[in-house]
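> This is the structure, below, for whatever I ask next.
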Amino acid sequence: MERVIIAMALIVVLLLSCGIDQENTVDKGEKVVEIVPDSTAYFDSVYAPYKISLDTFFRNKFEQTHFYGTVLFAQRGRIIFENVYGYANLQTKDTLTLDHTFQLASASKPFTAVAILQLVEQGKITLSDEMHKFFPSFPYDGITVEQLLAHRSGMSQYTHFCDAPDTIWPDKHKTITNNDVIKIMSEIKPMINYAPNQTHYYCNTNYMLLASIVEKVSGVSFSDYLKTNIFQPSGMTHTVLYTRDNDDELILPTIGYNGAFNPTIDIYLNGVVGDKGIYSNVHDMLKFDQALYNGTLLQDSTVALMMTDHNELQSNGQNYGYGFRIYPEESTEGLGRIVFHTGWWKGFRTYFIRVPKQEKTIIVLTHIKRGKFLDIKELVSLIKSL
């Protein structure tokens, strides 16, 4: 009880020091001076216990060699906790910083969805547009933009049908691009898994095609579109779309490692974009997150549409919107509706998590494939009581 009373007294002192219960002006003769409350001390005191528990959580995983990377937790844009664990390059032991960038893998998909929905808002495309409108030789009928966004096209993975047999793409040193994949699809018409709009089937081919639609409609490369319409408006200064021929454009890139601590290979499939390919850091990802809240990129109603269930509930308790996975609020035991996307590609793992109701944001970027995947609900629970 004594500790509780002391804690409450400290909070009162902090509140008073922030000017919360005081007059916000001081009369200095003829001049009235406004007092600007300094809330830094207050928030530092509130976040202090979380900083300790969050650091303990990730440091334990680091010491078990299951985690190397950067983390950031925020609420309403205010950073609760951020830190780095490990090295940017395991061979040279280069110091890892919060500025270092990581391949986002499938966490690139929210950016692709935003790009498409910007074109929808501008009236340049509609969600009901079929692929034939953009690519007349496309080999399937009835596949729409909306089905691509929600993973309801039923198509098979380009990473499978381009990889084997070798006659499809014989020189595995030569970069394959989105246009190459679309040409291959038109020529061989890969087998589909489901009829269009029959069911949800997560497929990277969908977002590769969406990126190609952006290029077709905008008349610029997907890289340039992202830079001009998403990265720059959001203030993202370290974020670049990697296309396998622009290494020099990457800003402080980390190297991906497999479970044996060996660098992963920059394979020919890295030339395909839309489903993956973006390099970013935790601060730029927070800027993207905030741009979705403040209307910089899309109208609020469109952002809400991205985070609306567009499929049947999956066996893992998740749904999928447009570019985001979703845990419904009723399944999170009081954590609130969780909107997120993860990524996994050639050593890199990414976690981009949002809890819109409390405006909480969690960004975890790793570059080594070791140990279990982090649990989304567990990460959110670490700041549940905030």
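We name chains A, B, ... following the order of the structure tokens; residues begin at 1 in each chain, and ligands are numbered from 1 as shown.
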When you look at Ile278 in chain A with a cut-off of 12 Å (counting only C-alpha atoms), what residues show up, excluding the ones that are within fewer than 5 positions of it in the same chain? I need them as a PyMOL selection string.
chain A and resi 101-112+222-223+226-227+231+236+238-244+246+249-251+253+270-273+284-285+343+345+348+350
> Do you know which residues are at most 10 Å from Gly347 in chain A counting only C-alpha atoms, after dropping those on the same chain fewer than 4 positions away, and could you put them as a PyMOL selection string?
chain A and resi 103+105+255-259+261-265+366-370
> Filtering to all heavy atoms, could you give me those residues as a compact mmCIF listing (two decimals), in the first residue's frame?

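part_23.txt, freshly written:
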# COMPACT_ATOMS: atom_id res chain seq x y z
N GLN A 103 15.55 -5.75 -45.70
CA GLN A 103 14.57 -6.18 -46.72
C GLN A 103 13.26 -6.50 -46.00
O GLN A 103 13.21 -7.36 -45.11
CB GLN A 103 15.11 -7.40 -47.45
CG GLN A 103 14.10 -8.31 -48.11
CD GLN A 103 13.50 -7.76 -49.39
OE1 GLN A 103 12.46 -7.11 -49.33
NE2 GLN A 103 14.13 -8.04 -50.51
N ALA A 105 10.65 -7.90 -47.19
CA ALA A 105 9.99 -9.10 -47.71
C ALA A 105 8.50 -8.81 -47.93
O ALA A 105 8.16 -7.77 -48.48
CB ALA A 105 10.23 -10.28 -46.78
N ILE A 255 22.84 -7.39 -44.17
CA ILE A 255 22.96 -8.62 -44.95
C ILE A 255 22.09 -9.69 -44.30
O ILE A 255 22.07 -9.84 -43.08
CB ILE A 255 24.43 -9.09 -44.98
CG1 ILE A 255 25.30 -8.03 -45.68
CG2 ILE A 255 24.57 -10.44 -45.68
CD1 ILE A 255 26.78 -8.31 -45.59
N GLY A 256 21.35 -10.42 -45.12
CA GLY A 256 20.52 -11.50 -44.61
C GLY A 256 21.32 -12.77 -44.38
O GLY A 256 22.21 -13.09 -45.18
N TYR A 257 20.99 -13.50 -43.30
CA TYR A 257 21.73 -14.72 -42.96
C TYR A 257 20.76 -15.87 -42.72
O TYR A 257 19.65 -15.67 -42.22
CB TYR A 257 22.56 -14.51 -41.68
CG TYR A 257 23.68 -13.52 -41.85
CD1 TYR A 257 23.46 -12.16 -41.62
CD2 TYR A 257 24.95 -13.93 -42.27
CE1 TYR A 257 24.48 -11.24 -41.79
CE2 TYR A 257 25.97 -13.01 -42.43
CZ TYR A 257 25.74 -11.66 -42.20
OH TYR A 257 26.74 -10.76 -42.37
N ASN A 258 21.22 -17.07 -43.07
CA ASN A 258 20.41 -18.25 -42.76
C ASN A 258 20.71 -18.73 -41.35
O ASN A 258 21.50 -18.12 -40.62
CB ASN A 258 20.65 -19.36 -43.80
CG ASN A 258 22.10 -19.84 -43.83
OD1 ASN A 258 22.84 -19.72 -42.84
ND2 ASN A 258 22.52 -20.37 -44.96
N GLY A 259 20.11 -19.84 -40.96
CA GLY A 259 20.25 -20.33 -39.60
C GLY A 259 21.65 -20.76 -39.22
O GLY A 259 21.97 -20.86 -38.03
N PHE A 261 24.26 -18.97 -39.97
CA PHE A 261 25.01 -17.71 -39.97
C PHE A 261 25.74 -17.47 -41.29
O PHE A 261 26.72 -16.72 -41.33
CB PHE A 261 26.01 -17.65 -38.81
CG PHE A 261 25.37 -17.69 -37.46
CD1 PHE A 261 25.37 -18.86 -36.72
CD2 PHE A 261 24.76 -16.57 -36.92
CE1 PHE A 261 24.77 -18.91 -35.46
CE2 PHE A 261 24.17 -16.60 -35.67
CZ PHE A 261 24.17 -17.78 -34.94
N ASN A 262 25.28 -18.10 -42.36
CA ASN A 262 25.87 -17.87 -43.68
C ASN A 262 25.04 -16.83 -44.44
O ASN A 262 23.80 -16.88 -44.40
CB ASN A 262 25.90 -19.16 -44.49
CG ASN A 262 26.80 -20.20 -43.87
OD1 ASN A 262 27.90 -19.87 -43.40
ND2 ASN A 262 26.36 -21.45 -43.84
N PRO A 263 25.70 -15.91 -45.15
CA PRO A 263 24.96 -14.92 -45.92
C PRO A 263 24.07 -15.60 -46.97
O PRO A 263 24.47 -16.58 -47.59
CB PRO A 263 26.05 -14.08 -46.59
CG PRO A 263 27.27 -14.30 -45.75
CD PRO A 263 27.16 -15.71 -45.24
N THR A 264 22.87 -15.10 -47.13
CA THR A 264 21.97 -15.66 -48.13
C THR A 264 22.34 -15.14 -49.52
O THR A 264 23.00 -14.11 -49.66
CB THR A 264 20.50 -15.31 -47.83
OG1 THR A 264 20.38 -13.89 -47.73
CG2 THR A 264 20.06 -15.95 -46.52
N ILE A 265 21.89 -15.85 -50.53
CA ILE A 265 22.24 -15.52 -51.92
C ILE A 265 21.22 -14.53 -52.49
O ILE A 265 20.02 -14.67 -52.27
CB ILE A 265 22.27 -16.80 -52.78
CG1 ILE A 265 23.34 -17.76 -52.23
CG2 ILE A 265 22.57 -16.47 -54.23
CD1 ILE A 265 23.31 -19.13 -52.88
N THR A 366 14.49 -7.98 -38.63
CA THR A 366 15.57 -8.92 -38.33
C THR A 366 16.23 -9.38 -39.63
O THR A 366 15.63 -9.34 -40.69
CB THR A 366 15.06 -10.16 -37.57
OG1 THR A 366 14.30 -10.98 -38.47
CG2 THR A 366 14.16 -9.76 -36.41
N HIS A 367 17.47 -9.84 -39.51
CA HIS A 367 18.16 -10.30 -40.73
C HIS A 367 18.88 -11.63 -40.51
O HIS A 367 19.92 -11.90 -41.10
CB HIS A 367 19.14 -9.22 -41.24
CG HIS A 367 20.26 -8.88 -40.29
ND1 HIS A 367 21.57 -8.95 -40.67
CD2 HIS A 367 20.25 -8.44 -39.01
CE1 HIS A 367 22.34 -8.58 -39.66
NE2 HIS A 367 21.57 -8.27 -38.64
N ILE A 368 18.27 -12.46 -39.67
CA ILE A 368 18.79 -13.81 -39.52
C ILE A 368 17.63 -14.76 -39.26
O ILE A 368 16.70 -14.45 -38.51
CB ILE A 368 19.83 -13.89 -38.38
CG1 ILE A 368 20.50 -15.26 -38.40
CG2 ILE A 368 19.22 -13.58 -37.03
CD1 ILE A 368 21.76 -15.33 -37.57
N LYS A 369 17.66 -15.90 -39.93
CA LYS A 369 16.58 -16.88 -39.80
C LYS A 369 16.99 -17.92 -38.77
O LYS A 369 17.57 -18.96 -39.08
CB LYS A 369 16.31 -17.54 -41.16
CG LYS A 369 15.24 -18.60 -41.15
CD LYS A 369 15.05 -19.16 -42.55
CE LYS A 369 14.08 -20.33 -42.52
NZ LYS A 369 14.74 -21.63 -42.32
N ARG A 370 16.70 -17.62 -37.52
CA ARG A 370 16.99 -18.55 -36.44
C ARG A 370 15.87 -18.49 -35.41
O ARG A 370 15.31 -17.43 -35.14
CB ARG A 370 18.32 -18.20 -35.74
CG ARG A 370 19.54 -18.58 -36.55
CD ARG A 370 20.82 -18.23 -35.80
NE ARG A 370 20.99 -19.00 -34.59
CZ ARG A 370 21.49 -20.24 -34.55
NH1 ARG A 370 21.88 -20.84 -35.65
NH2 ARG A 370 21.61 -20.86 -33.41
> Using DSSP on the backbone, list every residue of range 133-300 of chain A that comes out as alpha helix (DSSP H), and give them as a PyMOL selection string.
chain A and resi 145-149+158-161+178-188+204-218+222-226+232-234+282-293+300
> Select, from A:Tyr158, A:Tyr293, A:Tyr194, A:Tyr327, the residue with the minimum atom-to-atom distance to Thr308 in chain A, counting only C-alpha atoms.
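Ranked by minimum distance to Thr308 in chain A, first place goes to A:Tyr327.
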> Smallest atom-to-atom distance to Leu117 in chain A: which of A:Asp266, A:Asp300, A:Asp224, A:Asp375, using only C-alpha atoms?
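Under the stated criterion, the closest residue is A:Asp300.
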> Looking at A:Ala74, A:Ile338, A:Leu209, A:Ile52, which one is nearest to His132 in chain A, with distances taken over only C-alpha atoms?
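Nearest candidate to His132 in chain A out of A:Ala74, A:Ile338, A:Leu209, A:Ile52: A:Leu209.
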> Any idea what's packed within 7 Å of Leu98 in chain A, counting only C-alpha atoms, ignoring anything in its chain fewer than 4 positions away? Could you give it as a PDB file with N, CA and C atoms, in the first residue's frame?

ATOM      1  N   THR A  70      16.603  -4.701 -35.271  1.00  0.00           N
ATOM      2  CA  THR A  70      16.173  -3.460 -34.642  1.00  0.00           C
ATOM      3  C   THR A  70      14.694  -3.539 -34.304  1.00  0.00           C
ATOM      4  N   VAL A  84      18.725  -1.716 -30.736  1.00  0.00           N
ATOM      5  CA  VAL A  84      19.373  -2.571 -31.725  1.00  0.00           C
ATOM      6  C   VAL A  84      20.023  -3.747 -31.005  1.00  0.00           C
ATOM      7  N   ASN A 281      13.968   1.103 -42.665  1.00  0.00           N
ATOM      8  CA  ASN A 281      14.367   0.969 -41.267  1.00  0.00           C
ATOM      9  C   ASN A 281      13.177   1.285 -40.357  1.00  0.00           C
ATOM     10  N   VAL A 282      13.367   1.129 -39.060  1.00  0.00           N
ATOM     11  CA  VAL A 282      12.245   1.251 -38.125  1.00  0.00           C
ATOM     12  C   VAL A 282      11.667   2.668 -38.102  1.00  0.00           C
TER      13      VAL A 282
END
> Return the single residue from A:Leu269, A:Leu292, A:Leu210, A:Leu72 that is closest to Ile362 in chain A, with distances computed using only C-alpha atoms.
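Once distances to Ile362 in chain A are computed over only C-alpha atoms, the minimum belongs to A:Leu72.
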> Please list as a list in words every residue within 12 Å of Ser137 in chain A, counting only C-alpha atoms and excluding residues in the same chain fewer than 5 positions away.
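The filter keeps Met131, His132, Ile182, Lys183, Ile184, Met185, Ser186, Glu187, Ile188 and Lys189 of chain A.
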> Please, could you write that set of residues out with N, CA, C and O atoms as a PDB file, in the first residue's frame?

ATOM      1  N   MET A 131      -7.825  -8.008 -65.200  1.00  0.00           N
ATOM      2  CA  MET A 131      -6.446  -7.976 -65.666  1.00  0.00           C
ATOM      3  C   MET A 131      -6.346  -7.733 -67.163  1.00  0.00           C
ATOM      4  O   MET A 131      -5.396  -7.108 -67.647  1.00  0.00           O
ATOM      5  N   HIS A 132      -7.320  -8.212 -67.942  1.00  0.00           N
ATOM      6  CA  HIS A 132      -7.274  -8.034 -69.392  1.00  0.00           C
ATOM      7  C   HIS A 132      -7.248  -6.559 -69.787  1.00  0.00           C
ATOM      8  O   HIS A 132      -6.751  -6.210 -70.860  1.00  0.00           O
ATOM      9  N   ILE A 182       5.030 -12.053 -66.320  1.00  0.00           N
ATOM     10  CA  ILE A 182       3.752 -11.932 -67.032  1.00  0.00           C
ATOM     11  C   ILE A 182       3.838 -12.584 -68.409  1.00  0.00           C
ATOM     12  O   ILE A 182       2.897 -13.248 -68.861  1.00  0.00           O
ATOM     13  N   LYS A 183       4.979 -12.440 -69.089  1.00  0.00           N
ATOM     14  CA  LYS A 183       5.188 -13.075 -70.390  1.00  0.00           C
ATOM     15  C   LYS A 183       5.163 -14.593 -70.258  1.00  0.00           C
ATOM     16  O   LYS A 183       4.535 -15.299 -71.066  1.00  0.00           O
ATOM     17  N   ILE A 184       5.822 -15.098 -69.207  1.00  0.00           N
ATOM     18  CA  ILE A 184       5.828 -16.543 -68.965  1.00  0.00           C
ATOM     19  C   ILE A 184       4.417 -17.049 -68.706  1.00  0.00           C
ATOM     20  O   ILE A 184       4.000 -18.092 -69.241  1.00  0.00           O
ATOM     21  N   MET A 185       3.658 -16.312 -67.921  1.00  0.00           N
ATOM     22  CA  MET A 185       2.282 -16.708 -67.620  1.00  0.00           C
ATOM     23  C   MET A 185       1.442 -16.778 -68.897  1.00  0.00           C
ATOM     24  O   MET A 185       0.629 -17.694 -69.077  1.00  0.00           O
ATOM     25  N   SER A 186       1.636 -15.814 -69.792  1.00  0.00           N
ATOM     26  CA  SER A 186       0.881 -15.791 -71.038  1.00  0.00           C
ATOM     27  C   SER A 186       1.246 -16.964 -71.938  1.00  0.00           C
ATOM     28  O   SER A 186       0.404 -17.478 -72.684  1.00  0.00           O
ATOM     29  N   GLU A 187       2.507 -17.405 -71.837  1.00  0.00           N
ATOM     30  CA  GLU A 187       2.990 -18.477 -72.709  1.00  0.00           C
ATOM     31  C   GLU A 187       2.628 -19.870 -72.208  1.00  0.00           C
ATOM     32  O   GLU A 187       2.236 -20.748 -72.979  1.00  0.00           O
ATOM     33  N   ILE A 188       2.750 -20.097 -70.904  1.00  0.00           N
ATOM     34  CA  ILE A 188       2.558 -21.466 -70.394  1.00  0.00           C
ATOM     35  C   ILE A 188       1.261 -21.649 -69.619  1.00  0.00           C
ATOM     36  O   ILE A 188       0.860 -22.780 -69.336  1.00  0.00           O
ATOM     37  N   LYS A 189       0.594 -20.549 -69.271  1.00  0.00           N
ATOM     38  CA  LYS A 189      -0.651 -20.566 -68.497  1.00  0.00           C
ATOM     39  C   LYS A 189      -0.555 -21.558 -67.336  1.00  0.00           C
ATOM     40  O   LYS A 189      -1.125 -22.658 -67.363  1.00  0.00           O
TER      41      LYS A 189
END
> Could you work out how far CA of Gly69 in chain A lies from CA of Leu365 in chain A, giving the answer in Å with one decimal?
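It comes out at 5.5 Å.
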> Contacts of Ala291 in chain A at 10 Å or less, counting only C-alpha atoms, minus same-chain residues fewer than 6 places along, as an mmCIF file with N, CA, C and O atoms, in the first residue's frame?

data_model
loop_
_atom_site.group_PDB
_atom_site.id
_atom_site.type_symbol
_atom_site.label_atom_id
_atom_site.label_comp_id
_atom_site.auth_asym_id
_atom_site.auth_seq_id
_atom_site.Cartn_x
_atom_site.Cartn_y
_atom_site.Cartn_z
ATOM 1 N N ILE A 230 4.736 7.804 -52.200
ATOM 2 C CA ILE A 230 4.629 7.219 -50.860
ATOM 3 C C ILE A 230 5.828 7.588 -49.990
ATOM 4 O O ILE A 230 5.667 8.154 -48.911
ATOM 5 N N PHE A 231 7.031 7.276 -50.443
ATOM 6 C CA PHE A 231 8.208 7.496 -49.607
ATOM 7 C C PHE A 231 8.410 8.979 -49.296
ATOM 8 O O PHE A 231 8.544 9.377 -48.125
ATOM 9 N N PRO A 233 6.335 11.752 -49.667
ATOM 10 C CA PRO A 233 5.276 12.400 -48.883
ATOM 11 C C PRO A 233 5.279 11.977 -47.416
ATOM 12 O O PRO A 233 4.878 12.751 -46.544
ATOM 13 N N SER A 234 5.708 10.765 -47.147
ATOM 14 C CA SER A 234 5.740 10.265 -45.774
ATOM 15 C C SER A 234 6.992 10.692 -45.023
ATOM 16 O O SER A 234 7.093 10.483 -43.812
ATOM 17 N N GLY A 235 7.968 11.256 -45.738
ATOM 18 C CA GLY A 235 9.222 11.658 -45.098
ATOM 19 C C GLY A 235 10.184 10.508 -44.902
ATOM 20 O O GLY A 235 11.072 10.571 -44.038
ATOM 21 N N MET A 285 9.567 3.226 -41.212
ATOM 22 C CA MET A 285 8.323 2.452 -41.122
ATOM 23 C C MET A 285 7.327 3.136 -40.195
ATOM 24 O O MET A 285 6.114 3.106 -40.426
ATOM 25 N N LEU A 297 -1.413 9.831 -47.258
ATOM 26 C CA LEU A 297 -1.358 8.929 -48.404
ATOM 27 C C LEU A 297 -2.731 8.569 -48.968
ATOM 28 O O LEU A 297 -2.884 8.425 -50.186
ATOM 29 N N LEU A 298 -3.693 8.384 -48.091
ATOM 30 C CA LEU A 298 -5.026 7.949 -48.500
ATOM 31 C C LEU A 298 -6.083 8.607 -47.628
ATOM 32 O O LEU A 298 -5.804 9.026 -46.506
#
